[in-house]
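Have a look at work-v5.cif; it's mmCIF, C-alpha atoms and all ligand atoms:
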```cif
data_work
#
loop_
_atom_site.label_atom_id
_atom_site.label_comp_id
_atom_site.auth_asym_id
_atom_site.auth_seq_id
_atom_site.Cartn_x
_atom_site.Cartn_y
_atom_site.Cartn_z
CA MET A 1 -14.80 -21.40 -13.15
CA PRO A 2 -11.82 -19.74 -11.44
CA GLU A 3 -8.59 -19.77 -13.42
CA LEU A 4 -5.09 -20.55 -12.18
CA ARG A 5 -2.45 -18.46 -13.89
CA TYR A 6 1.32 -18.86 -13.82
CA ASN A 7 3.76 -15.97 -13.63
CA VAL A 8 6.79 -17.04 -15.68
CA ILE A 9 9.02 -14.41 -14.07
CA THR A 10 8.31 -15.05 -10.39
CA ARG A 11 7.15 -18.66 -10.91
CA ASP A 12 4.08 -18.02 -8.78
CA TRP A 13 0.72 -19.62 -9.38
CA VAL A 14 -2.26 -17.40 -8.61
CA ILE A 15 -5.97 -18.15 -8.44
CA ILE A 16 -7.93 -15.58 -10.41
CA ALA A 17 -11.36 -15.68 -8.76
CA THR A 18 -13.25 -14.90 -11.93
CA GLU A 19 -16.70 -15.57 -10.50
CA ARG A 20 -16.42 -13.34 -7.48
CA ALA A 21 -14.18 -10.79 -9.16
CA LYS A 22 -14.91 -7.21 -8.17
CA ARG A 23 -15.30 -4.45 -10.74
CA PRO A 24 -12.33 -2.05 -10.82
CA ASP A 25 -14.29 0.83 -9.29
CA GLN A 26 -15.29 -1.32 -6.30
CA PHE A 27 -11.70 -1.02 -5.04
CA LYS A 28 -11.98 2.72 -4.70
CA ARG A 29 -11.32 4.15 -1.22
CA THR A 30 -14.61 5.13 0.40
CA VAL A 31 -13.27 7.03 3.42
CA PRO A 32 -11.47 10.16 2.20
CA ARG A 33 -8.04 10.90 3.64
CA LYS A 34 -7.95 13.70 6.16
CA ALA A 35 -6.83 17.06 4.80
CA MET A 36 -3.20 17.87 5.62
CA PRO A 37 -1.40 21.21 5.97
CA VAL A 38 1.47 22.26 3.67
CA HIS A 39 3.67 22.45 6.76
CA ASP A 40 3.32 20.52 10.01
CA PRO A 41 5.41 21.96 12.87
CA LYS A 42 5.63 18.51 14.52
CA CYS A 43 6.74 16.61 11.40
CA PRO A 44 10.42 15.52 11.44
CA PHE A 45 10.58 15.75 7.64
CA CYS A 46 9.19 19.28 7.29
CA PRO A 47 11.63 22.15 6.58
CA GLY A 48 12.77 23.85 9.77
CA ASN A 49 12.77 20.52 11.67
CA GLU A 50 16.01 19.17 10.21
CA LYS A 51 17.48 18.83 13.70
CA MET A 52 14.89 16.14 14.44
CA THR A 53 16.67 13.81 11.98
CA PRO A 54 20.39 12.90 11.51
CA SER A 55 22.37 15.24 9.24
CA ALA A 56 21.76 14.92 5.52
CA THR A 57 23.86 12.56 3.41
CA TYR A 58 22.58 14.21 0.22
CA MET A 59 20.50 17.22 -0.62
CA VAL A 60 19.14 18.94 -3.71
CA PRO A 61 19.11 22.65 -2.85
CA MET A 62 16.36 25.09 -3.79
CA ASP A 63 16.16 28.83 -2.93
CA GLY A 64 18.37 28.59 0.15
CA ALA A 65 16.45 25.53 1.34
CA TRP A 66 16.11 22.02 -0.13
CA ARG A 67 14.00 20.28 -2.70
CA VAL A 68 14.92 16.72 -1.77
CA ARG A 69 16.71 15.73 1.44
CA VAL A 70 18.26 12.36 2.26
CA THR A 71 19.14 11.42 5.83
CA PRO A 72 20.14 8.24 7.62
CA ASN A 73 17.05 6.61 9.11
CA LYS A 74 16.88 7.50 12.80
CA PHE A 75 15.53 4.00 13.50
CA ALA A 76 17.79 2.19 11.04
CA ALA A 77 17.32 -1.52 10.33
CA VAL A 78 21.05 -1.88 9.70
CA SER A 79 24.06 -0.03 11.07
CA ARG A 80 26.15 2.29 8.91
CA GLU A 81 29.18 1.74 11.15
CA GLY A 82 31.09 -1.47 11.65
CA GLU A 83 32.60 -4.35 9.79
CA ARG A 84 30.85 -7.11 7.95
CA LYS A 85 31.64 -10.33 9.74
CA ARG A 86 30.15 -13.69 8.96
CA THR A 87 30.07 -16.52 11.47
CA VAL A 88 28.99 -20.12 11.19
CA GLN A 89 28.51 -22.08 14.44
CA GLY A 90 26.75 -25.37 14.03
CA ILE A 91 23.38 -24.58 12.48
CA LYS A 92 23.66 -20.90 13.39
CA ARG A 93 24.79 -18.50 10.70
CA THR A 94 25.07 -14.81 11.34
CA ILE A 95 26.38 -11.68 9.71
CA THR A 96 26.88 -8.40 11.55
CA GLY A 97 23.99 -6.07 10.75
CA VAL A 98 25.92 -3.52 8.74
CA GLY A 99 24.50 -1.63 5.81
CA ILE A 100 22.76 1.59 4.92
CA HIS A 101 19.24 2.71 5.73
CA GLU A 102 18.27 6.11 4.37
CA VAL A 103 15.11 8.16 4.22
CA ILE A 104 14.55 10.16 1.05
CA VAL A 105 12.29 13.12 1.80
CA GLU A 106 10.71 13.76 -1.58
CA THR A 107 9.48 17.31 -1.18
CA PRO A 108 9.47 20.11 1.41
CA GLU A 109 5.66 20.20 1.20
CA HIS A 110 4.03 18.03 3.86
CA ASN A 111 0.87 17.40 1.84
CA ARG A 112 2.37 17.04 -1.67
CA THR A 113 1.76 13.33 -2.17
CA THR A 114 4.10 11.66 -4.71
CA ALA A 115 1.28 11.35 -7.28
CA LEU A 116 0.94 15.14 -7.27
CA LEU A 117 4.63 16.03 -7.73
CA SER A 118 5.46 18.06 -10.84
CA ASP A 119 7.37 16.29 -13.62
CA SER A 120 10.51 18.20 -12.71
CA ASP A 121 10.17 17.28 -9.00
CA ALA A 122 9.68 13.65 -9.98
CA GLU A 123 12.84 13.88 -12.14
CA THR A 124 14.79 15.21 -9.17
CA LEU A 125 13.48 12.30 -7.13
CA ILE A 126 14.63 9.70 -9.68
CA GLU A 127 18.04 11.42 -9.94
CA THR A 128 18.25 11.19 -6.15
CA TYR A 129 17.37 7.47 -6.24
CA LEU A 130 20.17 6.94 -8.77
CA ASN A 131 22.67 8.90 -6.74
CA ARG A 132 21.88 7.04 -3.52
CA PHE A 133 21.72 3.66 -5.29
CA LYS A 134 25.23 4.19 -6.68
CA ALA A 135 26.60 5.50 -3.38
CA ALA A 136 25.19 2.52 -1.44
CA SER A 137 26.34 0.01 -4.08
CA ASP A 138 29.89 1.38 -3.84
CA ASP A 139 30.08 0.35 -0.17
CA PRO A 140 32.10 -2.90 -0.19
CA ARG A 141 30.00 -4.30 2.69
CA VAL A 142 26.83 -4.03 0.62
CA GLU A 143 25.44 -6.81 -1.61
CA GLN A 144 21.90 -5.62 -2.38
CA VAL A 145 20.26 -2.19 -2.52
CA THR A 146 16.48 -1.86 -2.32
CA ILE A 147 14.71 1.44 -2.96
CA PHE A 148 11.08 1.47 -1.94
CA LYS A 149 8.18 3.56 -0.81
CA ASN A 150 5.41 2.91 1.69
CA HIS A 151 2.35 5.12 1.25
CA GLY A 152 -0.41 4.89 3.84
CA GLU A 153 -0.92 2.74 6.90
CA ALA A 154 -1.84 -0.45 5.03
CA ALA A 155 1.51 -0.08 3.25
CA GLY A 156 3.44 0.18 6.49
CA THR A 157 3.94 3.86 7.24
CA SER A 158 2.46 6.25 9.75
CA LEU A 159 4.53 9.27 8.68
CA GLU A 160 2.47 11.20 6.15
CA HIS A 161 5.20 13.44 4.77
CA PRO A 162 6.09 12.01 1.32
CA HIS A 163 9.25 9.95 1.62
CA SER A 164 10.93 6.89 0.17
CA GLN A 165 13.60 4.68 1.69
CA LEU A 166 16.73 2.82 0.74
CA ILE A 167 18.01 -0.25 2.54
CA ALA A 168 21.36 -1.74 1.56
CA THR A 169 22.03 -5.16 3.07
CA PRO A 170 25.18 -7.26 3.45
CA VAL A 171 23.42 -10.24 1.80
CA ILE A 172 21.37 -10.89 -1.32
CA THR A 173 17.84 -11.86 -0.31
CA THR A 174 16.40 -15.25 -1.18
CA GLN A 175 13.72 -13.64 -3.34
CA LEU A 176 16.21 -11.79 -5.52
CA ARG A 177 18.59 -14.76 -5.64
CA ASP A 178 15.73 -17.04 -6.81
CA ARG A 179 14.76 -14.57 -9.51
CA LEU A 180 18.33 -14.17 -10.72
CA PHE A 181 18.73 -17.96 -10.87
CA SER A 182 15.45 -18.62 -12.65
CA ALA A 183 16.12 -15.82 -15.16
CA LEU A 184 19.57 -17.31 -15.78
CA ASP A 185 18.00 -20.77 -16.25
CA HIS A 186 15.62 -19.35 -18.83
CA PHE A 187 18.49 -17.60 -20.61
CA ASP A 188 20.54 -20.80 -20.69
CA GLU A 189 17.64 -22.73 -22.14
CA TYR A 190 16.23 -20.23 -24.64
CA GLY A 191 18.99 -17.66 -25.16
CA GLU A 192 16.69 -14.75 -24.31
CA CYS A 193 15.81 -12.51 -21.38
CA ILE A 194 12.53 -13.74 -19.89
CA PHE A 195 11.53 -10.16 -19.03
CA CYS A 196 12.07 -8.93 -22.61
CA ARG A 197 10.03 -11.90 -23.80
CA VAL A 198 7.12 -11.10 -21.47
CA LEU A 199 7.22 -7.41 -22.37
CA ASP A 200 7.15 -8.29 -26.05
CA GLN A 201 4.11 -10.51 -25.56
CA GLU A 202 2.29 -7.89 -23.47
CA LEU A 203 2.92 -5.28 -26.19
CA LYS A 204 1.50 -7.64 -28.81
CA GLU A 205 -1.62 -8.42 -26.76
CA GLN A 206 -2.09 -4.83 -25.52
CA ILE A 207 -4.98 -5.78 -23.20
CA ARG A 208 -2.99 -5.49 -19.96
CA ILE A 209 -1.02 -2.37 -20.98
CA ILE A 210 -1.76 0.74 -18.91
CA LEU A 211 0.60 3.30 -20.37
CA GLU A 212 3.47 3.44 -22.85
CA THR A 213 6.12 6.14 -23.00
CA GLU A 214 9.21 6.48 -25.17
CA HIS A 215 11.39 4.35 -22.89
CA PHE A 216 8.98 2.52 -20.56
CA VAL A 217 5.88 0.35 -20.58
CA SER A 218 3.50 -0.08 -17.65
CA TYR A 219 1.27 -3.12 -17.52
CA ILE A 220 -0.58 -5.43 -15.16
CA PRO A 221 0.93 -8.93 -15.29
CA PHE A 222 -1.20 -11.77 -16.70
CA ALA A 223 -0.83 -13.65 -13.38
CA ASP A 224 -1.21 -10.65 -11.09
CA LEU A 225 -1.02 -11.68 -7.43
CA THR A 226 -3.11 -8.85 -5.98
CA PRO A 227 -5.58 -6.36 -7.52
CA PHE A 228 -3.91 -3.59 -9.54
CA SER A 229 -0.31 -4.66 -8.84
CA LEU A 230 1.53 -3.34 -11.84
CA LEU A 231 4.98 -3.07 -13.36
CA ILE A 232 6.88 -0.27 -15.02
CA MET A 233 9.50 -1.87 -17.23
CA PRO A 234 12.21 -0.26 -19.37
CA ARG A 235 11.92 -1.12 -23.09
CA ARG A 236 15.68 -1.34 -23.43
CA HIS A 237 17.25 -4.40 -21.87
CA MET A 238 19.12 -3.40 -18.69
CA ALA A 239 19.93 -5.61 -15.71
CA CYS A 240 20.61 -2.87 -13.25
CA PHE A 241 18.79 0.31 -12.22
CA ASN A 242 21.88 2.48 -12.66
CA GLU A 243 22.36 1.48 -16.30
CA MET A 244 19.66 4.03 -17.18
CA ASN A 245 20.76 7.06 -19.20
CA ASP A 246 19.51 10.61 -18.52
CA ALA A 247 16.68 10.47 -21.06
CA GLU A 248 15.44 7.21 -19.56
CA ALA A 249 15.63 8.57 -16.01
CA ALA A 250 13.52 11.60 -17.00
CA ASP A 251 11.04 9.33 -18.75
CA LEU A 252 10.81 7.06 -15.69
CA ALA A 253 9.88 10.12 -13.62
CA ARG A 254 7.11 10.97 -16.09
CA ILE A 255 5.61 7.48 -16.27
CA LEU A 256 5.87 6.82 -12.51
CA ARG A 257 4.09 10.05 -11.72
CA ARG A 258 1.36 9.36 -14.28
CA ILE A 259 0.81 5.84 -12.99
CA LEU A 260 0.56 7.08 -9.40
CA LEU A 261 -1.87 9.77 -10.53
CA LYS A 262 -4.02 7.18 -12.30
CA LEU A 263 -4.19 5.23 -9.04
CA TYR A 264 -4.84 8.43 -7.08
CA ARG A 265 -7.77 9.39 -9.29
CA GLY A 266 -9.09 5.96 -10.16
CA LEU A 267 -8.88 4.37 -6.71
CA GLY A 268 -9.13 7.44 -4.49
CA ASP A 269 -5.50 7.74 -3.34
CA PRO A 270 -5.03 4.13 -2.21
CA ASP A 271 -2.27 2.95 0.14
CA TYR A 272 0.53 1.44 -1.92
CA ASN A 273 4.13 0.30 -1.97
CA TYR A 274 6.51 0.59 -4.84
CA VAL A 275 9.93 -0.96 -5.14
CA VAL A 276 12.77 -0.87 -7.64
CA ARG A 277 13.58 -4.50 -8.44
CA THR A 278 17.09 -4.57 -9.79
CA ALA A 279 20.06 -6.86 -10.10
CA PRO A 280 22.94 -5.92 -7.80
CA THR A 281 25.57 -3.74 -9.47
CA GLU A 282 27.98 -6.68 -9.68
CA ASN A 283 25.53 -8.12 -12.24
CA MET A 284 25.51 -4.96 -14.35
CA GLY A 285 25.24 -5.68 -18.05
CA VAL A 286 24.13 -9.31 -17.75
CA LYS A 287 21.83 -10.48 -20.54
CA TYR A 288 19.43 -12.52 -18.41
CA TYR A 289 18.07 -10.06 -15.81
CA HIS A 290 15.99 -6.94 -16.42
CA TRP A 291 15.22 -4.33 -13.75
CA TYR A 292 11.77 -2.80 -13.26
CA VAL A 293 9.56 -1.00 -10.78
CA SER A 294 6.69 -2.85 -9.04
CA VAL A 295 3.78 -0.76 -7.80
CA ILE A 296 1.57 -2.65 -5.35
CA PRO A 297 -1.66 -0.96 -4.22
CA ARG A 298 -2.65 -2.39 -0.82
CA LEU A 299 -6.30 -3.06 -1.47
CA THR A 300 -6.63 -6.51 0.08
CA ARG A 301 -5.04 -8.22 3.08
CA MET A 302 -2.87 -11.30 3.03
CA ALA A 303 -4.83 -14.03 4.87
CA GLY A 304 -4.24 -17.57 6.09
CA PHE A 305 -4.25 -19.25 2.71
CA GLU A 306 -1.73 -16.81 1.24
CA MET A 307 0.53 -17.04 4.30
CA GLY A 308 0.29 -20.81 4.52
CA SER A 309 0.60 -21.72 0.87
CA GLY A 310 2.39 -18.79 -0.72
CA MET A 311 -0.37 -18.81 -3.34
CA PHE A 312 -2.52 -15.73 -3.80
CA ILE A 313 -6.20 -15.43 -4.66
CA ASN A 314 -6.80 -12.37 -6.79
CA VAL A 315 -10.43 -11.20 -6.64
CA SER A 316 -10.15 -9.04 -9.74
CA LEU A 317 -9.39 -9.41 -13.42
CA PRO A 318 -6.02 -8.04 -14.59
CA GLU A 319 -7.46 -7.15 -18.02
CA GLU A 320 -10.37 -5.16 -16.56
CA ASN A 321 -8.13 -3.33 -14.11
CA ALA A 322 -5.65 -2.45 -16.86
CA SER A 323 -8.40 -1.10 -19.06
CA PHE A 324 -9.79 0.95 -16.14
CA LEU A 325 -6.39 2.57 -15.48
CA ARG A 326 -5.62 2.99 -19.19
CA GLU A 327 -8.73 5.11 -19.57
CA MET A 328 -8.15 7.19 -16.42
CA SER A 329 -7.07 10.62 -17.65
CA VAL A 330 -3.93 12.18 -16.13
CA GLU A 331 -3.59 15.27 -18.28
ZN ZN A 401 6.11 17.14 7.00
ZN ZN A 402 15.48 -7.92 -20.92
#
```
Structure encoded using structure tokens:
Amino acid sequence: MPELRYNVITRDWVIIATERAKRPDQFKRTVPRKAMPVHDPKCPFCPGNEKMTPSATYMVPMDGAWRVRVTPNKFAAVSREGERKRTVQGIKRTITGVGIHEVIVETPEHNRTTALLSDSDAETLIETYLNRFKAASDDPRVEQVTIFKNHGEAAGTSLEHPHSQLIATPVITTQLRDRLFSALDHFDEYGECIFCRVLDQELKEQIRIILETEHFVSYIPFADLTPFSLLIMPRRHMACFNEMNDAEAADLARILRRILLKLYRGLGDPDYNYVVRTAPTENMGVKYYHWYVSVIPRLTRMAGFEMGSGMFINVSLPEENASFLREMSVE
């Protein structure tokens, strides 16, 4: 019989389709990606083509060139210029679309996918995320900063050159607001962080753990919404991404790269998104919220039932998928 599972963090119910569950290796990409050159003369993110994008807001230099380059998104979702103005007219509420939308070019090499970065390149990337997160959070017009990556067409990108993005918005989204409220509710009722509680339980059970490092734990949630969606959670309680110290940032680089490499090898370089889910900086230090990274391989499509009900059907078993990735060697 299928099993409905409840995610105590997101408060989502999911149907785990136990009877028609696929084996982990059945999710592996069957069509190989096309081979890509180290440098593509037409790519706006390749070195030498900097004039094709707005001037850099941040850069990590390397041998007279750059190692990581951040530029405003040429097709920005929000405008860097202007004032935040809120209006209410009858049932219409609006806010001027101000904010920050940046592209973080992760490497000068066109074909160096994030999973294949070196540890030190991955560290530079995390340091860049922290720098840009802080800079965006300091803008008084900004309420929420989201750092994310789209890899592959199913994940929403057509530009192959490895890059991440940052969008800072003048409002807090409903999803984050709901999570902050429900985490606060849990804290009020039980005097504990719900995320710490879940992490503790996962560490005791071990069966959904993929990888543990000194400062982080990666696991597949018990009520996973889609196959192989996984979390990377700091062991130390921290509400906000920029509360990380240097040792933790370096360790995040290591575990993120290893997790991406496990997916790359185990599932044949799948399309995926990842996103840093953090409290806004104004909530720094709060005891009830706990930041983490979600990695979401895009192996299935959202269909009518998911769109209409908000409930997902997961055609795989979180425990089997975790064991599959745990055993995938990355050394
Ligand atoms: Zn390129
Ligand atoms: Zn916590």
Each chain A residue no farther than 9 Å from ligand ZN 402 (chain A), nearest pair in Å, only C-alpha atoms and all ligand atoms, as JSON lines:
```
{"residue": "A:Glu192", "atom": "CA", "partner": "A:ZN402", "partner_atom": "ZN", "distance": 7.7}
{"residue": "A:Cys193", "atom": "CA", "partner": "A:ZN402", "partner_atom": "ZN", "distance": 4.6}
{"residue": "A:Ile194", "atom": "CA", "partner": "A:ZN402", "partner_atom": "ZN", "distance": 6.6}
{"residue": "A:Phe195", "atom": "CA", "partner": "A:ZN402", "partner_atom": "ZN", "distance": 4.9}
{"residue": "A:Cys196", "atom": "CA", "partner": "A:ZN402", "partner_atom": "ZN", "distance": 3.9}
{"residue": "A:Arg197", "atom": "CA", "partner": "A:ZN402", "partner_atom": "ZN", "distance": 7.3}
{"residue": "A:Val198", "atom": "CA", "partner": "A:ZN402", "partner_atom": "ZN", "distance": 9.0}
{"residue": "A:Leu199", "atom": "CA", "partner": "A:ZN402", "partner_atom": "ZN", "distance": 8.4}
{"residue": "A:Pro234", "atom": "CA", "partner": "A:ZN402", "partner_atom": "ZN", "distance": 8.5}
{"residue": "A:Arg235", "atom": "CA", "partner": "A:ZN402", "partner_atom": "ZN", "distance": 8.0}
{"residue": "A:Arg236", "atom": "CA", "partner": "A:ZN402", "partner_atom": "ZN", "distance": 7.0}
{"residue": "A:His237", "atom": "CA", "partner": "A:ZN402", "partner_atom": "ZN", "distance": 4.1}
{"residue": "A:Met238", "atom": "CA", "partner": "A:ZN402", "partner_atom": "ZN", "distance": 6.2}
{"residue": "A:Ala239", "atom": "CA", "partner": "A:ZN402", "partner_atom": "ZN", "distance": 7.2}
{"residue": "A:Lys287", "atom": "CA", "partner": "A:ZN402", "partner_atom": "ZN", "distance": 6.9}
{"residue": "A:Tyr288", "atom": "CA", "partner": "A:ZN402", "partner_atom": "ZN", "distance": 6.6}
{"residue": "A:Tyr289", "atom": "CA", "partner": "A:ZN402", "partner_atom": "ZN", "distance": 6.1}
{"residue": "A:His290", "atom": "CA", "partner": "A:ZN402", "partner_atom": "ZN", "distance": 4.6}
{"residue": "A:Trp291", "atom": "CA", "partner": "A:ZN402", "partner_atom": "ZN", "distance": 8.0}
```
Taking all atoms listed in the file into account, list the residues no farther than 12 Å from ligand ZN 401 (chain A), as an mmCIF file with C-alpha atoms, in the coordinates of the input.
```
data_model
loop_
_atom_site.group_PDB
_atom_site.id
_atom_site.type_symbol
_atom_site.label_atom_id
_atom_site.label_comp_id
_atom_site.auth_asym_id
_atom_site.auth_seq_id
_atom_site.Cartn_x
_atom_site.Cartn_y
_atom_site.Cartn_z
ATOM 1 C CA MET A 36 -3.200 17.870 5.620
ATOM 2 C CA PRO A 37 -1.400 21.210 5.970
ATOM 3 C CA VAL A 38 1.470 22.260 3.670
ATOM 4 C CA HIS A 39 3.670 22.450 6.760
ATOM 5 C CA ASP A 40 3.320 20.520 10.010
ATOM 6 C CA PRO A 41 5.410 21.960 12.870
ATOM 7 C CA LYS A 42 5.630 18.510 14.520
ATOM 8 C CA CYS A 43 6.740 16.610 11.400
ATOM 9 C CA PRO A 44 10.420 15.520 11.440
ATOM 10 C CA PHE A 45 10.580 15.750 7.640
ATOM 11 C CA CYS A 46 9.190 19.280 7.290
ATOM 12 C CA PRO A 47 11.630 22.150 6.580
ATOM 13 C CA GLY A 48 12.770 23.850 9.770
ATOM 14 C CA ASN A 49 12.770 20.520 11.670
ATOM 15 C CA GLU A 50 16.010 19.170 10.210
ATOM 16 C CA MET A 52 14.890 16.140 14.440
ATOM 17 C CA VAL A 105 12.290 13.120 1.800
ATOM 18 C CA GLU A 106 10.710 13.760 -1.580
ATOM 19 C CA THR A 107 9.480 17.310 -1.180
ATOM 20 C CA PRO A 108 9.470 20.110 1.410
ATOM 21 C CA GLU A 109 5.660 20.200 1.200
ATOM 22 C CA HIS A 110 4.030 18.030 3.860
ATOM 23 C CA ASN A 111 0.870 17.400 1.840
ATOM 24 C CA ARG A 112 2.370 17.040 -1.670
ATOM 25 C CA THR A 113 1.760 13.330 -2.170
ATOM 26 C CA SER A 158 2.460 6.250 9.750
ATOM 27 C CA LEU A 159 4.530 9.270 8.680
ATOM 28 C CA GLU A 160 2.470 11.200 6.150
ATOM 29 C CA HIS A 161 5.200 13.440 4.770
ATOM 30 C CA PRO A 162 6.090 12.010 1.320
ATOM 31 C CA HIS A 163 9.250 9.950 1.620
#
```
Original post:
Do you know which residues are at most 8 Å from Leu267 of chain A counting only C-alpha atoms, after dropping those on the same chain fewer than 5 positions away, and could you put them as a list in words?
Top reply: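 So the residues in contact are Asp25, Phe27, Lys28, Arg29 and Lys262 of chain A.
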Subject >> Selection: 9 Å around segment 138-145 of chain A, all atoms listed in the file, excl. self and same-chain fewer than 3 positions, as a list in words >> reply: Glu83, Arg84, Val98, Gly99, Ile100, Phe133, Lys134, Ala135, Leu166, Ile167, Ala168, Thr169, Pro170, Val171, Ile172, Thr173, Leu176, Thr278, Ala279, Pro280, Thr281 and Glu282 of chain A
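As for atom CA of Arg11 of chain A and atom CA of Ile296 of chain A, they are spaced 17.8 Å apart.
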For segment 218-230 of chain A, find every residue with an atom within 7 Å (counting all atoms listed in the file), except residues of its own chain fewer than 5 positions away, and show them as a tab-separated table (two decimals) with C-alpha atoms, keeping the file's coordinate frame.
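Resulting contents of selection.tsv:
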```tsv
chain	number	residue	atom	x	y	z
A	5	ARG	CA	-2.45	-18.46	-13.89
A	6	TYR	CA	1.32	-18.86	-13.82
A	7	ASN	CA	3.76	-15.97	-13.63
A	14	VAL	CA	-2.26	-17.40	-8.61
A	208	ARG	CA	-2.99	-5.49	-19.96
A	209	ILE	CA	-1.02	-2.37	-20.98
A	210	ILE	CA	-1.76	0.74	-18.91
A	211	LEU	CA	0.60	3.30	-20.37
A	212	GLU	CA	3.47	3.44	-22.85
A	294	SER	CA	6.69	-2.85	-9.04
A	295	VAL	CA	3.78	-0.76	-7.80
A	296	ILE	CA	1.57	-2.65	-5.35
A	297	PRO	CA	-1.66	-0.96	-4.22
A	299	LEU	CA	-6.30	-3.06	-1.47
A	312	PHE	CA	-2.52	-15.73	-3.80
A	313	ILE	CA	-6.20	-15.43	-4.66
A	314	ASN	CA	-6.80	-12.37	-6.79
A	315	VAL	CA	-10.43	-11.20	-6.64
A	316	SER	CA	-10.15	-9.04	-9.74
A	318	PRO	CA	-6.02	-8.04	-14.59
A	321	ASN	CA	-8.13	-3.33	-14.11
A	322	ALA	CA	-5.65	-2.45	-16.86
```
Original post:
How far is it from atom CA of Gln206 of chain A to atom CA of Phe241 of chain A, in Å with one decimal?
Top reply: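 Rounded to one decimal, the two atoms are 25.3 Å apart.
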Subject >> Residues within 9 Å of Lys85 of chain A, only C-alpha atoms, excluding chain neighbours under 3 positions, as a list of chain:residue names >> reply: A:Thr94, A:Ile95, A:Thr96, A:Gly97, A:Val98
Those same residues, written as a PDB file, keeping the file's coordinate frame with C-alpha atoms?
```
ATOM      1  CA  THR A  94      25.070 -14.810  11.340  1.00  0.00           C
ATOM      2  CA  ILE A  95      26.380 -11.680   9.710  1.00  0.00           C
ATOM      3  CA  THR A  96      26.880  -8.400  11.550  1.00  0.00           C
ATOM      4  CA  GLY A  97      23.990  -6.070  10.750  1.00  0.00           C
ATOM      5  CA  VAL A  98      25.920  -3.520   8.740  1.00  0.00           C
TER       6      VAL A  98
END
```
Report, as JSON, the axis-aligned box around all atoms of segment 210-229 of chain A present in the file, extended by 8 Å on each side; give centre and edge lengths in Å to one decimal place.
```
{"center_x": 2.9, "center_y": -3.6, "center_z": -15.6, "size_x": 33.0, "size_y": 36.1, "size_z": 35.2}
```
Subject >> One-decimal distance in Å that lies between atom CA of Ser164 of chain A and atom CA of Asn150 of chain A >> reply: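 Between atom CA of Asn150 of chain A and atom CA of Ser164 of chain A the gap is 7.0 Å.
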**OP:** Can you work out which one of A:Arg80, A:Lys92, A:Arg298, A:Asp121 has the shortest atom-to-atom distance to Met62 of chain A, counting only C-alpha atoms?
**Re:**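 With only C-alpha atoms as the atom set, the closest residue is A:Asp121.
Between Asn273 of chain A and the residues A:Thr30, A:Thr128, A:Ser120, A:Gln165, the shortest atom-to-atom distance, using all atoms listed in the file, involves A:Gln165.
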Subject >> Within 12 Å of Asn131 of chain A using all atoms listed in the file, minus same-chain residues under 2 positions, as number ranges by chain >> reply: A: 57-60, 70, 104, 124-129, 133-138, 147, 166, 241-242, 244, 249
Subject >> Pick from A:Thr213, A:Glu331, A:Gln175, A:Leu184 nearest to Asp12 of chain A, counting all atoms listed in the file >> reply: A:Gln175
Original post:
So which one's closest to Asp200 of chain A, A:Ala154, A:Phe181, A:Val217, A:Leu117? Using all atoms listed in the file, please.
Top reply: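 Smallest distance to Asp200 of chain A is found for A:Val217.
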Subject >> Shortest interatomic distance to Tyr272 of chain A - which of A:Asp119, A:Glu153, A:Glu3, A:Glu243, counting only C-alpha atoms >> reply: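 Nearest to Tyr272 of chain A: A:Glu153.
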